[in-house]
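So this block is protein_35.pdb, PDB, C-alpha atoms:
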ATOM      1  CA  CYS A  10     160.946 -16.965  31.059  1.00  0.00           C
ATOM      2  CA  PHE A  11     160.338 -16.943  27.314  1.00  0.00           C
ATOM      3  CA  LEU A  12     158.307 -19.773  25.916  1.00  0.00           C
ATOM      4  CA  THR A  13     155.535 -19.993  28.503  1.00  0.00           C
ATOM      5  CA  PRO A  14     154.563 -16.282  28.260  1.00  0.00           C
ATOM      6  CA  MET A  15     154.882 -16.494  24.480  1.00  0.00           C
ATOM      7  CA  LEU A  16     152.576 -19.509  24.198  1.00  0.00           C
ATOM      8  CA  LYS A  17     150.033 -17.922  26.538  1.00  0.00           C
ATOM      9  CA  ARG A  18     150.010 -14.753  24.474  1.00  0.00           C
ATOM     10  CA  LEU A  19     149.724 -16.727  21.245  1.00  0.00           C
ATOM     11  CA  LYS A  20     146.601 -18.390  22.611  1.00  0.00           C
ATOM     12  CA  ASP A  21     144.890 -15.064  23.326  1.00  0.00           C
ATOM     13  CA  ILE A  22     146.377 -12.899  20.577  1.00  0.00           C
ATOM     14  CA  ASP A  23     144.185 -10.229  19.019  1.00  0.00           C
ATOM     15  CA  LEU A  24     145.205  -9.738  15.389  1.00  0.00           C
ATOM     16  CA  SER A  25     143.599  -6.285  15.329  1.00  0.00           C
ATOM     17  CA  ASP A  26     145.803  -5.115  18.199  1.00  0.00           C
ATOM     18  CA  MET A  27     148.924  -3.150  17.232  1.00  0.00           C
ATOM     19  CA  GLN A  28     150.887  -5.137  19.794  1.00  0.00           C
ATOM     20  CA  SER A  29     150.314  -8.319  17.781  1.00  0.00           C
ATOM     21  CA  GLU A  30     152.681  -7.013  15.073  1.00  0.00           C
ATOM     22  CA  VAL A  31     155.384  -6.491  17.685  1.00  0.00           C
ATOM     23  CA  PHE A  32     154.720  -9.981  18.973  1.00  0.00           C
ATOM     24  CA  TRP A  33     155.177 -11.594  15.552  1.00  0.00           C
ATOM     25  CA  GLN A  34     158.329  -9.550  15.045  1.00  0.00           C
ATOM     26  CA  TRP A  35     159.611 -11.108  18.266  1.00  0.00           C
ATOM     27  CA  VAL A  36     158.591 -14.638  17.163  1.00  0.00           C
ATOM     28  CA  GLU A  37     160.427 -14.178  13.840  1.00  0.00           C
ATOM     29  CA  GLY A  38     163.635 -13.357  15.696  1.00  0.00           C
ATOM     30  CA  GLU A  39     163.703  -9.719  14.620  1.00  0.00           C
ATOM     31  CA  SER A  40     165.178  -7.175  16.987  1.00  0.00           C
ATOM     32  CA  THR A  41     162.533  -5.587  19.192  1.00  0.00           C
ATOM     33  CA  LYS A  42     164.857  -2.985  20.656  1.00  0.00           C
ATOM     34  CA  ASN A  43     162.648  -0.125  19.447  1.00  0.00           C
ATOM     35  CA  TYR A  44     159.919  -1.425  21.716  1.00  0.00           C
ATOM     36  CA  ALA A  45     162.217  -2.264  24.616  1.00  0.00           C
ATOM     37  CA  ILE A  46     164.468   0.715  25.219  1.00  0.00           C
ATOM     38  CA  ASP A  47     161.714   3.331  25.492  1.00  0.00           C
ATOM     39  CA  PRO A  48     160.115   2.912  28.943  1.00  0.00           C
ATOM     40  CA  LEU A  49     157.141   5.073  27.903  1.00  0.00           C
ATOM     41  CA  SER A  50     156.313   3.132  24.745  1.00  0.00           C
ATOM     42  CA  PRO A  51     152.828   1.563  24.917  1.00  0.00           C
ATOM     43  CA  PHE A  52     154.180  -1.348  22.899  1.00  0.00           C
ATOM     44  CA  ARG A  53     157.211  -1.939  25.093  1.00  0.00           C
ATOM     45  CA  VAL A  54     157.941  -5.652  24.845  1.00  0.00           C
ATOM     46  CA  ARG A  55     159.172  -6.182  28.360  1.00  0.00           C
ATOM     47  CA  GLY A  56     156.369  -5.186  30.704  1.00  0.00           C
ATOM     48  CA  GLY A  57     153.816  -4.283  28.062  1.00  0.00           C
ATOM     49  CA  GLN A  58     153.775  -7.778  26.614  1.00  0.00           C
ATOM     50  CA  ARG A  59     155.528  -9.628  29.429  1.00  0.00           C
ATOM     51  CA  ILE A  60     158.091 -11.245  27.171  1.00  0.00           C
ATOM     52  CA  PRO A  61     161.796 -10.299  27.254  1.00  0.00           C
ATOM     53  CA  ALA A  62     163.074  -8.123  24.446  1.00  0.00           C
ATOM     54  CA  LEU A  63     165.413  -9.343  21.713  1.00  0.00           C
ATOM     55  CA  TYR A  64     168.395  -7.085  21.075  1.00  0.00           C
ATOM     56  CA  ASP A  65     170.766  -6.569  18.174  1.00  0.00           C
ATOM     57  CA  PHE A  66     172.743  -3.751  19.779  1.00  0.00           C
ATOM     58  CA  SER A  67     174.131  -5.429  22.879  1.00  0.00           C
ATOM     59  CA  THR A  68     174.696  -8.740  24.605  1.00  0.00           C
ATOM     60  CA  ALA A  69     171.737 -11.100  24.244  1.00  0.00           C
ATOM     61  CA  THR A  70     173.364 -14.496  23.797  1.00  0.00           C
ATOM     62  CA  ASP A  71     171.435 -16.054  26.667  1.00  0.00           C
ATOM     63  CA  PHE A  72     168.084 -14.997  25.195  1.00  0.00           C
ATOM     64  CA  TYR A  73     168.694 -16.407  21.724  1.00  0.00           C
ATOM     65  CA  SER A  74     170.348 -19.596  22.967  1.00  0.00           C
ATOM     66  CA  TYR A  75     167.483 -20.138  25.405  1.00  0.00           C
ATOM     67  CA  ILE A  76     164.925 -19.846  22.607  1.00  0.00           C
ATOM     68  CA  LEU A  77     166.802 -22.213  20.277  1.00  0.00           C
ATOM     69  CA  THR A  78     167.329 -24.867  22.946  1.00  0.00           C
ATOM     70  CA  GLY A  79     163.687 -24.452  23.950  1.00  0.00           C
ATOM     71  CA  LEU A  80     162.604 -25.158  20.382  1.00  0.00           C
ATOM     72  CA  SER A  81     164.836 -28.236  20.343  1.00  0.00           C
ATOM     73  CA  PHE A  82     163.178 -29.451  23.557  1.00  0.00           C
ATOM     74  CA  LEU A  83     159.695 -28.909  22.121  1.00  0.00           C
ATOM     75  CA  ALA A  84     160.644 -30.716  18.905  1.00  0.00           C
ATOM     76  CA  HIS A  85     161.831 -33.692  20.941  1.00  0.00           C
ATOM     77  CA  GLN A  86     158.637 -33.672  23.008  1.00  0.00           C
ATOM     78  CA  LEU A  87     156.648 -33.854  19.766  1.00  0.00           C
ATOM     79  CA  GLY A  88     158.414 -37.079  18.835  1.00  0.00           C
ATOM     80  CA  LEU A  89     161.155 -35.635  16.655  1.00  0.00           C
ATOM     81  CA  GLY A  90     164.857 -36.019  17.270  1.00  0.00           C
ATOM     82  CA  GLY A  91     165.345 -32.364  18.080  1.00  0.00           C
ATOM     83  CA  LEU A  92     166.610 -29.298  16.242  1.00  0.00           C
ATOM     84  CA  VAL A  93     169.491 -29.181  13.755  1.00  0.00           C
ATOM     85  CA  ILE A  94     171.308 -25.880  13.189  1.00  0.00           C
ATOM     86  CA  ILE A  95     173.934 -25.613  10.442  1.00  0.00           C
ATOM     87  CA  LEU A  96     176.136 -22.510  10.425  1.00  0.00           C
ATOM     88  CA  ASP A  97     178.304 -22.213   7.330  1.00  0.00           C
ATOM     89  CA  GLU A  98     181.311 -19.911   6.872  1.00  0.00           C
ATOM     90  CA  VAL A  99     181.755 -19.399  10.598  1.00  0.00           C
ATOM     91  CA  GLU A 100     185.111 -17.745   9.871  1.00  0.00           C
ATOM     92  CA  THR A 101     183.254 -14.660   8.604  1.00  0.00           C
ATOM     93  CA  ILE A 102     182.781 -13.697  12.244  1.00  0.00           C
ATOM     94  CA  THR A 103     186.376 -12.460  12.071  1.00  0.00           C
ATOM     95  CA  HIS A 104     185.644 -10.145   9.128  1.00  0.00           C
ATOM     96  CA  THR A 105     184.972  -7.110  11.270  1.00  0.00           C
ATOM     97  CA  TRP A 106     187.148  -4.268  12.479  1.00  0.00           C
ATOM     98  CA  ASN A 107     184.927  -3.784  15.519  1.00  0.00           C
ATOM     99  CA  TYR A 108     186.410  -5.826  18.363  1.00  0.00           C
ATOM    100  CA  SER A 109     183.217  -5.502  20.398  1.00  0.00           C
ATOM    101  CA  ASP A 110     181.158  -7.087  17.596  1.00  0.00           C
ATOM    102  CA  TYR A 111     183.747  -9.847  17.234  1.00  0.00           C
ATOM    103  CA  THR A 112     183.608 -10.589  20.967  1.00  0.00           C
ATOM    104  CA  ARG A 113     179.818 -10.702  20.995  1.00  0.00           C
ATOM    105  CA  GLY A 114     179.808 -13.029  18.023  1.00  0.00           C
ATOM    106  CA  LEU A 115     182.246 -15.348  19.763  1.00  0.00           C
ATOM    107  CA  ASN A 116     180.166 -15.242  22.941  1.00  0.00           C
ATOM    108  CA  PHE A 117     177.089 -16.254  20.987  1.00  0.00           C
ATOM    109  CA  LEU A 118     178.848 -19.168  19.290  1.00  0.00           C
ATOM    110  CA  GLU A 119     180.412 -20.317  22.546  1.00  0.00           C
ATOM    111  CA  GLY A 120     177.114 -20.122  24.427  1.00  0.00           C
ATOM    112  CA  LEU A 121     175.222 -21.976  21.715  1.00  0.00           C
ATOM    113  CA  THR A 122     177.975 -24.598  21.400  1.00  0.00           C
ATOM    114  CA  ARG A 123     178.116 -25.273  25.125  1.00  0.00           C
ATOM    115  CA  SER A 124     174.315 -25.441  25.238  1.00  0.00           C
ATOM    116  CA  ALA A 125     174.343 -28.015  22.440  1.00  0.00           C
ATOM    117  CA  LEU A 126     176.879 -29.973  24.512  1.00  0.00           C
ATOM    118  CA  ASN A 127     174.350 -29.931  27.391  1.00  0.00           C
ATOM    119  CA  CYS A 128     176.576 -27.948  29.743  1.00  0.00           C
ATOM    120  CA  ALA A 129     174.987 -28.047  33.211  1.00  0.00           C
ATOM    121  CA  GLU A 130     176.396 -24.633  34.166  1.00  0.00           C
ATOM    122  CA  LEU A 131     174.313 -22.924  31.481  1.00  0.00           C
ATOM    123  CA  LYS A 132     171.022 -24.264  32.837  1.00  0.00           C
ATOM    124  CA  ARG A 133     171.008 -21.864  35.768  1.00  0.00           C
ATOM    125  CA  ILE A 134     171.117 -18.102  36.174  1.00  0.00           C
ATOM    126  CA  GLU A 135     174.097 -16.476  37.833  1.00  0.00           C
ATOM    127  CA  SER A 136     174.490 -12.862  38.922  1.00  0.00           C
ATOM    128  CA  ARG A 137     177.456 -12.362  36.580  1.00  0.00           C
ATOM    129  CA  MET A 138     175.113 -12.934  33.645  1.00  0.00           C
ATOM    130  CA  LEU A 139     173.213  -9.692  34.269  1.00  0.00           C
ATOM    131  CA  HIS A 140     173.242  -7.309  31.315  1.00  0.00           C
ATOM    132  CA  ASN A 141     171.272  -4.368  29.929  1.00  0.00           C
ATOM    133  CA  ARG A 142     169.457  -4.025  33.261  1.00  0.00           C
ATOM    134  CA  VAL A 143     167.297  -6.910  32.071  1.00  0.00           C
ATOM    135  CA  ARG A 144     166.686 -10.127  33.944  1.00  0.00           C
ATOM    136  CA  PRO A 145     168.753 -12.808  32.187  1.00  0.00           C
ATOM    137  CA  THR A 146     167.669 -16.314  31.300  1.00  0.00           C
ATOM    138  CA  PRO A 147     169.630 -19.553  31.397  1.00  0.00           C
ATOM    139  CA  TYR A 148     171.386 -20.380  28.146  1.00  0.00           C
ATOM    140  CA  SER A 149     169.702 -23.794  28.007  1.00  0.00           C
ATOM    141  CA  TYR A 150     166.034 -24.654  28.346  1.00  0.00           C
ATOM    142  CA  ARG A 151     165.671 -27.892  30.327  1.00  0.00           C
ATOM    143  CA  GLU A 152     167.311 -30.756  28.388  1.00  0.00           C
ATOM    144  CA  PRO A 153     168.312 -29.463  24.945  1.00  0.00           C
ATOM    145  CA  HIS A 154     168.209 -31.752  21.921  1.00  0.00           C
ATOM    146  CA  LEU A 155     170.274 -29.553  19.671  1.00  0.00           C
ATOM    147  CA  LEU A 156     172.624 -30.727  16.928  1.00  0.00           C
ATOM    148  CA  LEU A 157     174.911 -27.839  16.012  1.00  0.00           C
ATOM    149  CA  ILE A 158     177.101 -28.102  12.906  1.00  0.00           C
ATOM    150  CA  LEU A 159     179.741 -25.424  12.320  1.00  0.00           C
ATOM    151  CA  ALA A 160     181.558 -25.244   8.987  1.00  0.00           C
ATOM    152  CA  THR A 161     184.625 -23.078   8.466  1.00  0.00           C
ATOM    153  CA  THR A 162     187.596 -22.697   6.186  1.00  0.00           C
ATOM    154  CA  PRO A 163     191.047 -22.939   7.814  1.00  0.00           C
ATOM    155  CA  THR A 164     191.843 -20.085  10.187  1.00  0.00           C
ATOM    156  CA  HIS A 165     195.075 -19.600  12.081  1.00  0.00           C
ATOM    157  CA  GLY A 166     196.136 -17.451  15.009  1.00  0.00           C
ATOM    158  CA  LEU A 167     192.677 -16.151  15.949  1.00  0.00           C
ATOM    159  CA  ARG A 168     192.641 -16.740  19.689  1.00  0.00           C
ATOM    160  CA  GLY A 169     188.903 -16.651  20.290  1.00  0.00           C
ATOM    161  CA  LEU A 170     188.050 -18.875  17.345  1.00  0.00           C
ATOM    162  CA  GLU A 171     190.698 -21.429  18.295  1.00  0.00           C
ATOM    163  CA  GLU A 172     189.268 -21.607  21.822  1.00  0.00           C
ATOM    164  CA  LEU A 173     185.826 -22.199  20.336  1.00  0.00           C
ATOM    165  CA  LYS A 174     187.167 -25.088  18.254  1.00  0.00           C
ATOM    166  CA  ASN A 175     188.685 -26.637  21.370  1.00  0.00           C
ATOM    167  CA  LEU A 176     185.198 -26.971  22.880  1.00  0.00           C
ATOM    168  CA  ILE A 177     184.203 -29.369  20.108  1.00  0.00           C
ATOM    169  CA  ASP A 178     185.342 -32.982  20.302  1.00  0.00           C
ATOM    170  CA  LYS A 179     183.817 -34.263  17.073  1.00  0.00           C
ATOM    171  CA  LYS A 180     185.636 -32.599  14.196  1.00  0.00           C
ATOM    172  CA  THR A 181     185.882 -33.541  10.540  1.00  0.00           C
ATOM    173  CA  TYR A 182     188.720 -32.137   8.456  1.00  0.00           C
ATOM    174  CA  LEU A 183     188.548 -32.185   4.680  1.00  0.00           C
ATOM    175  CA  ARG A 184     191.832 -33.224   3.107  1.00  0.00           C
ATOM    176  CA  ASN A 185     193.620 -31.003   0.626  1.00  0.00           C
ATOM    177  CA  PHE A 186     193.227 -31.810  -3.039  1.00  0.00           C
ATOM    178  CA  THR A 187     196.153 -33.438  -4.798  1.00  0.00           C
ATOM    179  CA  GLU A 188     197.870 -31.523  -7.567  1.00  0.00           C
ATOM    180  CA  ALA A 189     196.312 -33.839 -10.152  1.00  0.00           C
ATOM    181  CA  GLU A 190     192.822 -33.170  -8.751  1.00  0.00           C
ATOM    182  CA  ILE A 191     193.409 -29.425  -8.718  1.00  0.00           C
ATOM    183  CA  GLU A 192     194.540 -29.559 -12.338  1.00  0.00           C
ATOM    184  CA  VAL A 193     191.241 -31.203 -13.299  1.00  0.00           C
ATOM    185  CA  ILE A 194     189.401 -28.433 -11.445  1.00  0.00           C
ATOM    186  CA  TYR A 195     191.547 -25.855 -13.230  1.00  0.00           C
ATOM    187  CA  ASP A 196     190.724 -27.312 -16.661  1.00  0.00           C
ATOM    188  CA  ASN A 197     187.007 -27.273 -15.851  1.00  0.00           C
ATOM    189  CA  LEU A 198     187.254 -23.712 -14.563  1.00  0.00           C
ATOM    190  CA  LEU A 199     188.921 -22.626 -17.791  1.00  0.00           C
ATOM    191  CA  GLU A 200     186.175 -24.252 -19.871  1.00  0.00           C
ATOM    192  CA  VAL A 201     183.480 -22.511 -17.824  1.00  0.00           C
ATOM    193  CA  TYR A 202     185.320 -19.208 -18.249  1.00  0.00           C
ATOM    194  CA  LYS A 203     185.429 -19.716 -22.022  1.00  0.00           C
ATOM    195  CA  CYS A 204     181.667 -20.297 -22.021  1.00  0.00           C
ATOM    196  CA  ALA A 205     181.237 -16.894 -20.391  1.00  0.00           C
ATOM    197  CA  TYR A 206     183.769 -15.246 -22.745  1.00  0.00           C
ATOM    198  CA  PRO A 207     183.752 -17.246 -26.018  1.00  0.00           C
ATOM    199  CA  HIS A 208     186.549 -15.172 -27.595  1.00  0.00           C
ATOM    200  CA  PHE A 209     188.938 -15.735 -24.702  1.00  0.00           C
ATOM    201  CA  SER A 210     191.958 -17.941 -25.352  1.00  0.00           C
ATOM    202  CA  ILE A 211     195.415 -18.463 -23.858  1.00  0.00           C
ATOM    203  CA  ASP A 212     198.308 -20.496 -25.166  1.00  0.00           C
ATOM    204  CA  ALA A 213     199.537 -23.636 -23.412  1.00  0.00           C
ATOM    205  CA  SER A 214     202.567 -21.921 -21.884  1.00  0.00           C
ATOM    206  CA  ARG A 215     200.536 -19.121 -20.295  1.00  0.00           C
ATOM    207  CA  ARG A 216     197.909 -21.588 -19.130  1.00  0.00           C
ATOM    208  CA  GLU A 217     200.623 -23.590 -17.354  1.00  0.00           C
ATOM    209  CA  ASN A 218     202.148 -20.474 -15.775  1.00  0.00           C
ATOM    210  CA  ILE A 219     198.794 -19.393 -14.327  1.00  0.00           C
ATOM    211  CA  PHE A 220     198.198 -22.871 -12.938  1.00  0.00           C
ATOM    212  CA  LYS A 221     201.586 -23.015 -11.210  1.00  0.00           C
ATOM    213  CA  ALA A 222     201.256 -19.502  -9.801  1.00  0.00           C
ATOM    214  CA  ALA A 223     197.736 -20.193  -8.490  1.00  0.00           C
ATOM    215  CA  LEU A 224     198.892 -23.454  -6.935  1.00  0.00           C
ATOM    216  CA  GLN A 225     201.782 -21.739  -5.167  1.00  0.00           C
ATOM    217  CA  ARG A 226     199.835 -18.700  -3.967  1.00  0.00           C
ATOM    218  CA  SER A 227     196.807 -20.644  -2.730  1.00  0.00           C
ATOM    219  CA  LYS A 228     198.754 -23.382  -0.925  1.00  0.00           C
ATOM    220  CA  ARG A 229     196.120 -25.743  -2.376  1.00  0.00           C
ATOM    221  CA  GLU A 230     193.251 -23.988  -0.604  1.00  0.00           C
ATOM    222  CA  LEU A 231     190.518 -24.366  -3.219  1.00  0.00           C
ATOM    223  CA  ARG A 232     188.735 -21.053  -2.757  1.00  0.00           C
ATOM    224  CA  GLU A 233     191.963 -19.072  -3.058  1.00  0.00           C
ATOM    225  CA  PHE A 234     193.047 -21.175  -6.033  1.00  0.00           C
ATOM    226  CA  ILE A 235     189.836 -20.470  -7.955  1.00  0.00           C
ATOM    227  CA  LYS A 236     189.916 -16.781  -7.030  1.00  0.00           C
ATOM    228  CA  PHE A 237     193.513 -16.339  -8.198  1.00  0.00           C
ATOM    229  CA  SER A 238     192.921 -18.259 -11.448  1.00  0.00           C
ATOM    230  CA  SER A 239     189.740 -16.354 -12.312  1.00  0.00           C
ATOM    231  CA  GLU A 240     191.385 -12.999 -11.681  1.00  0.00           C
ATOM    232  CA  ALA A 241     194.377 -14.030 -13.803  1.00  0.00           C
ATOM    233  CA  PHE A 242     192.013 -14.949 -16.649  1.00  0.00           C
ATOM    234  CA  ASP A 243     190.339 -11.551 -16.268  1.00  0.00           C
ATOM    235  CA  TRP A 244     193.677  -9.750 -16.379  1.00  0.00           C
ATOM    236  CA  PHE A 245     194.829 -11.480 -19.567  1.00  0.00           C
ATOM    237  CA  ARG A 246     191.434 -11.063 -21.227  1.00  0.00           C
ATOM    238  CA  LEU A 247     191.197  -7.350 -20.475  1.00  0.00           C
ATOM    239  CA  SER A 248     194.838  -6.613 -21.282  1.00  0.00           C
ATOM    240  CA  SER A 249     194.477  -8.441 -24.612  1.00  0.00           C
ATOM    241  CA  ALA A 250     191.389  -6.370 -25.430  1.00  0.00           C
ATOM    242  CA  GLU A 251     193.299  -3.139 -24.743  1.00  0.00           C
ATOM    243  CA  ASN A 252     196.176  -4.206 -26.987  1.00  0.00           C
ATOM    244  CA  THR A 253     193.856  -4.864 -29.924  1.00  0.00           C
ATOM    245  CA  GLU A 254     192.220  -1.435 -29.736  1.00  0.00           C
TER     246      GLU A 254
END

Would you mind writing the file out in structure tokens?
Amino acid sequence: CFLTPMLKRLKDIDLSDMQSEVFWQWVEGESTKNYAIDPLSPFRVRGGQRIPALYDFSTATDFYSYILTGLSFLAHQLGLGGLVIILDEVETITHTWNYSDYTRGLNFLEGLTRSALNCAELKRIESRMLHNRVRPTPYSYREPHLLLILATTPTHGLRGLEELKNLIDKKTYLRNFTEAEIEVIYDNLLEVYKCAYPHFSIDASRRENIFKAALQRSKRELREFIKFSSEAFDWFRLSSAENTE
């Protein structure tokens, strides 16, 4: 569906041909929608080059998952363990007001996760998978050798993301820092801040108040703790500068 036509074309590619640029755009994972949605385009990817188009404007989870699992299969055939994919800050998928984009993002993560888990259902094509009037592909290419690592900060109450987490059996949770550990981090943060602003200083009482407020507001979530503390330092620094003018 994907890899065989791609490898055949790679063997016979003509670098002087305009279509070769479209081909490399496809190989690099760039959207080729401009060459796919115009049926009269001489460089139309599907038909003109006999490889399915990659989309960034609609559902295409099966295409991308198929390619990634195919690469993992090829890596294994070459004597390697397979393909490792690390996705950090997965929670950012929720940072969109467009529900359609959120749903597509979840579909992609679910499809890729289930493919990495070697789900037999995703190795075949079903009629319900049809989309964009384009022939679909299976989500998985043969036997995938894909290690997928998803990293996320705590999220609560997001139905789709919680369902995604439930698909994964092997989970590692980082423990919260103790108050003593956070205080060490706070002291180091303050020293770094003073390096950036050498004239900045706060008395012991104010320093303690900021620490307690940051600890309470952040609920010991490190990113929120650092953000609150840094913004508090900024506020006191800027307000002190205004008072001296």

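Atom to atom, CA of Ile158 in chain A and CA of Asp71 in chain A stand 19.1 Å apart.
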
Discussion item. Set the distance at 12 Å and use all atoms listed in the file: which residues neighbour Ser210 in chain A once local chain neighbours fewer than 5 positions away are removed? I'd like the list as a list of chain:residue names.
Written reply: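 The filter keeps A:Leu199, A:Glu200, A:Tyr202, A:Lys203, A:Cys204, A:Ala205, A:Arg215, A:Arg216, A:Phe242, A:Asp243, A:Phe245, A:Arg246, A:Leu247, A:Ser249, A:Ala250.
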
Those same residues - C-alpha atoms - I'd like them written as a PDB file, keeping the file's coordinate frame.
ATOM      1  CA  LEU A 199     188.921 -22.626 -17.791  1.00  0.00           C
ATOM      2  CA  GLU A 200     186.175 -24.252 -19.871  1.00  0.00           C
ATOM      3  CA  TYR A 202     185.320 -19.208 -18.249  1.00  0.00           C
ATOM      4  CA  LYS A 203     185.429 -19.716 -22.022  1.00  0.00           C
ATOM      5  CA  CYS A 204     181.667 -20.297 -22.021  1.00  0.00           C
ATOM      6  CA  ALA A 205     181.237 -16.894 -20.391  1.00  0.00           C
ATOM      7  CA  ARG A 215     200.536 -19.121 -20.295  1.00  0.00           C
ATOM      8  CA  ARG A 216     197.909 -21.588 -19.130  1.00  0.00           C
ATOM      9  CA  PHE A 242     192.013 -14.949 -16.649  1.00  0.00           C
ATOM     10  CA  ASP A 243     190.339 -11.551 -16.268  1.00  0.00           C
ATOM     11  CA  PHE A 245     194.829 -11.480 -19.567  1.00  0.00           C
ATOM     12  CA  ARG A 246     191.434 -11.063 -21.227  1.00  0.00           C
ATOM     13  CA  LEU A 247     191.197  -7.350 -20.475  1.00  0.00           C
ATOM     14  CA  SER A 249     194.477  -8.441 -24.612  1.00  0.00           C
ATOM     15  CA  ALA A 250     191.389  -6.370 -25.430  1.00  0.00           C
TER      16      ALA A 250
END

Worksheet entry | Using only C-alpha atoms: which of A:Ala223, A:Thr162, A:Thr70, A:Glu119 has the shortest distance to Thr101 in chain A | A:Thr162

Practice prompt. Using the chain letters and numbering of this document, enumerate as a PyMOL selection string the residues selected by the PyMOL selection byres ((chain A and resi 176-190) around 8).
Written response: chain A and resi 122-123+172-175+191-194+229-231

Skipping near chain neighbours, those fewer than 3 positions away, what residues fall within 8 Å of Pro153 in chain A using only C-alpha atoms, listed as a short mmCIF file (atom, residue, chain, number, x, y, z; two decimals) with C-alpha atoms, in the frame of the given file?
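Resulting contents of selection00.cif:
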data_model
loop_
_atom_site.label_atom_id
_atom_site.label_comp_id
_atom_site.auth_asym_id
_atom_site.auth_seq_id
_atom_site.Cartn_x
_atom_site.Cartn_y
_atom_site.Cartn_z
CA THR A 78 167.33 -24.87 22.95
CA GLY A 79 163.69 -24.45 23.95
CA SER A 81 164.84 -28.24 20.34
CA PHE A 82 163.18 -29.45 23.56
CA SER A 124 174.32 -25.44 25.24
CA ALA A 125 174.34 -28.02 22.44
CA ASN A 127 174.35 -29.93 27.39
CA SER A 149 169.70 -23.79 28.01
CA TYR A 150 166.03 -24.65 28.35
#
